[in-house]
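Asks: First the structure, then my questions, so here it is.
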Amino acid sequence: MISEFPSFVSAGYFQFAITPGAPAVNFDRLRAALQKDSPVPGTLLILPELWATGFVYPQLAELSLQTPWLLEQLSELASLYHIVLAGSLVERVDGEDGPLLYNTLFFSGSDGLAGKIRKQHLFSFWREDDWLTAGVSPRPVETASGWVGGLVCYDLRFPETAKIQCQQGASLLLVSAQWPLARIDQWRTLLQARAIENQVFIVAGNGCGLSNDIELGGHSLIIDPGGEILLEAGEEEQLATIALDWQRQQQLRQRFNTVAPAPYPFDDQEKILGLAECVRIVGLRKQQGQRIVFTNGCFDILHAGHVEYLQQARKQGDFLVVGLNSDRSIQAIKGSNRPINEESRRARVLAGLGCVDAIVLFSDDTPLELITALLPHVMVKGADWQEDAIVGALEVKANGGKVVRIPFTTETSTTKIIEKIRE
């Protein structure tokens, strides 16, 4: 049984300059470092981001084929020294449309792969999103010595990614990174902030040297739950560990706990907006650089197919607006016996979905006026619609946006539900 707090004796990092596109060379460097300065049993050791390959984008698909071999080698090392090794590698998932590649933080222990956490936020400034796929639903990993959360480089800038994992039981956070020297002060500040706000130990392993002509910052860090820096590397290669005092974390959380409280701070009815207010809010979101997504429908008797569709729509951008047909417009389309639920109730149920950010009722036969007023970046409809038949598609594309057609994966419909009830 795993205790509330992990039982790692110590934690550390191996900071080094990655040889691009050479997994075997980089693994040999790790093995040699462990032979030279063996950590005590029960140590958790973090490696830099994409430590085996670096960001050699055109080669990543091919290099991903070596990841299973690397994980086997890591497990052998972990077993030899009785430690846990963690660091991000390129993960390959083959599908019908070709392989998807993820930047994944793997945890390797004596018994093999303990778990993994995919990078949630891809760094578009380095074109990462052109080559890799973002992860979803970050969850901490259960190791033999306790629950551990993980962030990969750019994830560090998003507090909720750390918070979610700590609320799920992580008492220690690992950060695997290739953070540039030019922003090393932000690196240190953000790491201390994540430690303080979550009352967790932070163990962060950064790369050093050059990566695609960018000088990496080094300065791998171990920080205690109160934000105190316990250990910090310089800008050269270094393997270092330090003993962890878990009583320090326990004492902090017993005095006051900033991790456990998770009240729901929203009134979902506030998502139901008039057109003018929605235009104002969307304008502010656009100014912040957010991608606005729009879809529309009746959503009468909300079912699993609707929810899956709306969730996929939300994933196309940063803010989802749902145009909701009014009762009058539904009657004009479907007849006088519809809708089953009146517009205010349909809007309230939609507002309760976390994937929906705003709802606007419209009474016209089509949502064209709504679309032209909002001019979203992404227009979403079901895959059963041909693009040239989608109202508003021309206007969205003319404004530089795009149209995405999403298939319904659940075989159900409001009409079928109504028919079944009547039977």
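Residues are named by chain letter and number: chains run A, B, ... in the order of the structure tokens, numbers start at 1 in each chain, and ligands are numbered from 1 in the order shown.
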With only C-alpha atoms counted and 6 Å as the cut-off, give the residues of segment 81-111 of chain A in contact with segment 36-59 of chain A, each with its shortest interatomic distance in Å and the pair that gives it, as CSV.
Replies:
```
residue,atom,partner,partner_atom,distance
A:His82,CA,A:Pro41,CA,4.9
A:Ile83,CA,A:Thr43,CA,4.9
A:Val84,CA,A:Leu44,CA,4.8
A:Leu85,CA,A:Leu45,CA,5.0
A:Ala86,CA,A:Ile46,CA,4.9
A:Gly87,CA,A:Leu47,CA,4.5
A:Ser88,CA,A:Glu49,CA,4.9
A:Leu89,CA,A:Leu50,CA,4.7
```
Asks: For the residues in that selection, give me C-alpha atoms as a CSV table (one decimal), in the first residue's frame.
Replies:
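Saved as part02.csv:
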```csv
chain,number,residue,atom,x,y,z
A,82,HIS,CA,17.2,0.2,-7.6
A,83,ILE,CA,16.1,3.6,-8.8
A,84,VAL,CA,13.4,5.2,-10.9
A,85,LEU,CA,14.4,6.9,-14.1
A,86,ALA,CA,12.1,9.5,-15.8
A,87,GLY,CA,12.6,11.6,-18.9
A,88,SER,CA,10.7,12.4,-22.1
A,89,LEU,CA,11.0,10.4,-25.3
```
Asks: Determine, counting only C-alpha atoms, which protein, DNA and RNA residues have an atom within 8 Å of an atom of Ser145 of chain A; residues of the same chain fewer than 2 positions away are not included. Present the result as a PyMOL selection string.
Replies: chain A and resi 2+6-8+42+142-143+147
Asks: Measure the distance from atom CA of Gln178 of chain A to atom CA of Gly207 of chain A in Å and round it to one decimal.
Replies: 5.0 Å
Asks: Between A:Leu275, A:Leu71, A:Ala347, A:Ile281, single out the one closest to Thr372 of chain A, counting only C-alpha atoms.
Replies: A:Leu275
Asks: Which neighbours of segment 268-273 of chain A fall inside 7 Å, counting only C-alpha atoms, when residues of the same chain fewer than 5 positions from it are skipped, and could you give them as a list in words?
Replies: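 Near neighbours after the sequence-gap exclusion: Cys278, Ala347, Arg348, Ala351, Gly352, Asp357, Ala358, Ile359 and Val360 of chain A.
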Asks: Would you write out those residues with N, CA and C atoms, as a tab-separated table (two decimals), in the first residue's frame?
Replies:
```tsv
chain	number	residue	atom	x	y	z
A	278	CYS	N	-22.06	38.29	-26.32
A	278	CYS	CA	-21.18	37.25	-26.85
A	278	CYS	C	-20.13	37.84	-27.79
A	347	ALA	N	-30.70	25.35	-23.07
A	347	ALA	CA	-29.52	26.19	-22.86
A	347	ALA	C	-28.88	25.89	-21.50
A	348	ARG	N	-29.72	25.69	-20.48
A	348	ARG	CA	-29.18	25.42	-19.14
A	348	ARG	C	-28.42	24.10	-19.08
A	351	ALA	N	-25.11	24.52	-20.78
A	351	ALA	CA	-24.20	25.34	-19.97
A	351	ALA	C	-23.49	24.51	-18.90
A	352	GLY	N	-24.07	23.37	-18.54
A	352	GLY	CA	-23.45	22.53	-17.54
A	352	GLY	C	-22.29	21.69	-18.07
A	357	ASP	N	-18.30	26.85	-23.75
A	357	ASP	CA	-17.90	28.11	-23.09
A	357	ASP	C	-18.96	29.20	-23.18
A	358	ALA	N	-19.80	29.17	-24.22
A	358	ALA	CA	-20.83	30.20	-24.39
A	358	ALA	C	-21.97	29.64	-25.23
A	359	ILE	N	-23.18	30.11	-24.96
A	359	ILE	CA	-24.37	29.68	-25.69
A	359	ILE	C	-25.16	30.92	-26.09
A	360	VAL	N	-25.53	30.97	-27.36
A	360	VAL	CA	-26.33	32.09	-27.86
A	360	VAL	C	-27.53	31.53	-28.62
```
